[in-house]
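Chemist: First, the structure itself, so that you have it in front of you.
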Amino acid sequence: MVIEFGHFALVLAFILTLVQSVVPIWGALTGDTRLMATASPVAQAQFILVLVSFIVLTGAYLNSDFSVVNVWENSHSAKPLLYKFTGVWGNHEGSMLLWVLILVFFSALVGLFGGNLPADLRATTLSVQSWVTAGFVLFILATSNPFNRIPNPPIEGNDLNPILQDIGLAIHPPLLYVGYVGFSIVFSFAVAALILGRTDAAWARWVRPWTLLAWCFLTLGIAMGSYWAYYELGWGGWWFWDPVENASFMPWLAGTALLHSAIVMEKREALKVWTVLLAISTFSLSLLGAFLVRSGVLTSVHAFATDPARGVFILVLLCIFIGGSLALYAWRAPMLKQGGLFAPISREGGLVLNNLFLTAATAAVLVGTLYPLVLDALTGEKISVGEPFFNLTFGPLMVPLLMAVPFGPVLSWKRGDLLAATQRLYVALGLALLVVLFTFWLWGMERVLAPLGIGLAVWVMAGAVSEIVTRVKFFEIGLKRGFSRLAGLPGSAWGTAVAHFGVGVTVLGIVTATAFEYERIETMRAGDTVTVSDYQVTFDGAAPRRGPNYTEDVGHFTIRKGGVTVAELDPSKRFYTARQMPTTEAGIYTTGFSQVYLSLGESRGDGAMDVRVYFKPLITLIWIGCVIMAIGAVLSMADRRLRVGAPKPAAKRRRTSAVPAE
């Protein structure tokens with residue numbers, strides 16, 4: 001009966017989404033404050049009902065209730081408790097329920113904390129958000145009901161996909177979904193602004209915190225997914241340009257462009273049309289990602305579903321939301337007033353350049369991801385677009401963008417001085433050149449591009465530091481007053497500098513791990529030793545071991561440096577009996593920011609095993625840089641100016657103050 005209660009709560013939530021889809025927006029269009037006031041309590045009621053539904057499903061997993069089809073297909077009584085809990089969203093139906101829970105959570109947040117918004121904008125935004133929510137709740141109820149029962153329940157379940165039985169499942173999907181779905185509220189703000197004709201600096205300031213929140217979580221979600229695949233799959237790679245990886249990366253690129261475009265709109269009331277289009281496009285790319293993962297058009301370790309009927313349903317939702325919003329945009333965009341003019345060499349110009357490169361990069365990834373699918377659908381020909389294509393298209397777009405990053409914050413608004421900006425960055429430029437020369441001296445001409453890439457990373461990091469130093473004016477006012485000004489810098493200034501510094505850290509990790517990686521693939525017997533970089537790796541033998549729902553062969557290795565033991569690693573090959581699937585568990589030794597990485601291959605039957613041994617210099621900087629970027633977003637969200645409406649221009653304030661009070 002409890003399971004039916006969860007289903008009933010979801011049905012009630014769907015009814016409330018229909019109410020909220022109509023009533024508040026009707027109130028906004030007719031000026032009825034009572035109808036507009038219903039938006040917030042209905043949004044909160046939706047959240048409570050979907051949360052109840054999610055808790056009921058979670059309880060079914062924790063209790064191993066195999067009378068529920070979803071639990072039977074994706075759980076096992078011997079599975080550890082953590083994986084019973086994370087298994088709730090380790091499948092298509094449960095993950096869609098989590099998706100909807102986050103959708104209504106954002107609606108509830110706007111209802112609770114949107115008091116500074118104009119009543120008509122908040123009501124319309126929540127109505128648009130309910131349109132999206134209603135579509136996905138209907139999708140769950142019609143095609144993906146997680147509460148379906150089995151008439152004669154089996155004694156045992158089929159277990160969760162072994163690859164998903166990892167702590168990464170507890171972290172990666174929730175982070176990623178908050179990012180994906182978080183852009184839905186930005187989308188709703190954009191559509192509401194088009195309906196009401198309200199696109200101004202205040203709108204941009206209201207949208208920025210929500211964009212920052214979604215971007216922050218999406219950054220962390222992508223980083224966690226990368227690290228999870230790195231240590232779980234045993235392949236030693238951190239990015240593969242998998243279509244489903246690309247599906248999360250494209251909204252991130254578009255969201256990054258949106259963040260920068262919204263700044264121009266807020267400060268100068270320029271790029272209005274473009275910013276609204278980016279807000280629509282970013283969530284549209286999130287919806288596209290949902291379609292790729294759940295339609296069955298892709299075969300991937302990331303894919304949740306292979307049912308074409310579900311794919312058709314999501315495709316219809318895709319056409320309605322994307323097509324409808326773009327049609328509204330095409331109708332309303334010509335009526336939007338353009339903002340102030342600015343010179344090409346200015347902070348606005350730098351942000352426009354940023355947008356050009358980011359949207360071009362998004363387009364390159366989109367083409368590389370969809371082209372094989374379109375070709376297969378039209379001609380039946382199957383091709384693979386992999387790393388070479390993306391490296392040749394995406395890489396060259398990122399190089400000039402990274403070169404321009406330090407210039408943007410030090411240029412003046414409206415009209416800048418490129419020479420003066422360069423003078424402010426001469427220390428950063430000198431440091432980057434020194435690093436390039438030192439790397440060439442250290443490694444010679446063996447790897448020509450690597451020193452340039454390292455220099456580019458140092459340029460971005462040093463440029464971020466120069467940005468803060470320039471704002472504070474240490475050399476002009478002295479250290480004491482300088483530190484006082486440092487503490488008084490707004491959160492957005494700190495956030496920009498920290499996020500840019502994080503980009504440089506990630507680039508440094510990518511370049512060094514790619515260019516200077518050592519790899520050995522050997523068939524080893526007990527007592528054999530291989531050398532990678534400065535480390536000696538000795539295979540001490542293998543032994544079988546039994547886990548709660550798997551068996552495994554564990555290899556024991558001793559890592560030495562200069563004859564001194566520094567670590568012992570136990571990589572393994574696991575076999576999950578219920579699913580009849582093997583997995584590879586890597587052994588990783590972290591030293592500083594670098595790692596020694598071991599994974600086992602096939603057993604040769606005479607005590608020998610195939611072993612992959614890597615030394616990956618500074619590879620952890622890839623993920624540390626992403627965390628630093630997310631910290632930058634949090635610092636920007638802490639800026640109090642984002643919690644109030646945009647200030648009126650001085651001329652408008654004077655005219656307003658000249659009007660006598662009644």
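A note on labels: chains of the structure tokens are A, B, ... as shown, every chain counts residues from 1, and ligands are counted from 1 in their shown order.
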Give me, as number ranges by chain, the residues of segment 430-559 of chain A that a backbone DSSP run labels helix (DSSP H, G or I).
Modeler: A: 430-443, 449-472, 474-477, 479-487, 491-515
Chemist: If you count only C-alpha atoms, which residues fall within 10 Å of Thr529 of chain A, apart from same-chain ones fewer than 2 positions away, as a list in words?
Modeler: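 My list of contacting residues is Glu522, Met524, Arg525, Ala526, Gly527, Thr531, Gln536, Val537, Thr538, Phe539, Asp540, Phe557, Thr558 and Ile559 of chain A.
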Chemist: Skip Ala428 of chain A itself and residues of its chain fewer than 6 positions away, then list as a list in words all residues within 7 Å of it, counting only C-alpha atoms.
Modeler: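 Near neighbours after the sequence-gap exclusion: Trp459, Ala462, Gly463 and Ser466 of chain A.
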Chemist: Could those residues be written to a file, using C-alpha atoms, as a short mmCIF file (atom, residue, chain, number, x, y, z; two decimals), in the first residue's frame?
Modeler:
data_model
loop_
_atom_site.label_atom_id
_atom_site.label_comp_id
_atom_site.auth_asym_id
_atom_site.auth_seq_id
_atom_site.Cartn_x
_atom_site.Cartn_y
_atom_site.Cartn_z
CA TRP A 459 49.39 32.81 -18.30
CA ALA A 462 48.99 34.53 -13.36
CA GLY A 463 46.50 36.72 -15.20
CA SER A 466 47.11 40.11 -11.73
#
Chemist: Any idea what the distance is between atom CA of Val100 of chain A and atom CA of Phe14 of chain A?
Modeler: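 So the answer is 10.6 Å.
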Chemist: For each of A:Tyr589, A:Trp239, A:Tyr227, A:Tyr550, take the minimum atom-to-atom distance to Lys79 of chain A, counting only C-alpha atoms, then give the residue where this is smallest.
Modeler: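 Once distances to Lys79 of chain A are computed over only C-alpha atoms, the minimum belongs to A:Tyr550.
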Chemist: Hey, what's within 12 Å of segment 590-596 of chain A if we count only C-alpha atoms and toss same-chain stuff fewer than 4 positions away? As JSON, numbers by chain, please?
Modeler: {"A": [230, 231, 236, 505, 506, 508, 509, 510, 512, 513, 516, 517, 518, 519, 520, 531, 532, 533, 534, 535, 536, 537, 557, 558, 559, 560, 561, 566, 567, 568, 569, 571, 586, 612, 613, 614, 615, 616, 617, 618, 619, 620, 621, 622, 623, 624, 625]}
Chemist: Kindly give the distance, in Å, that separates atom CA of Pro251 of chain A and atom CA of Phe291 of chain A, rounded to a single decimal.
Modeler: 13.6 Å
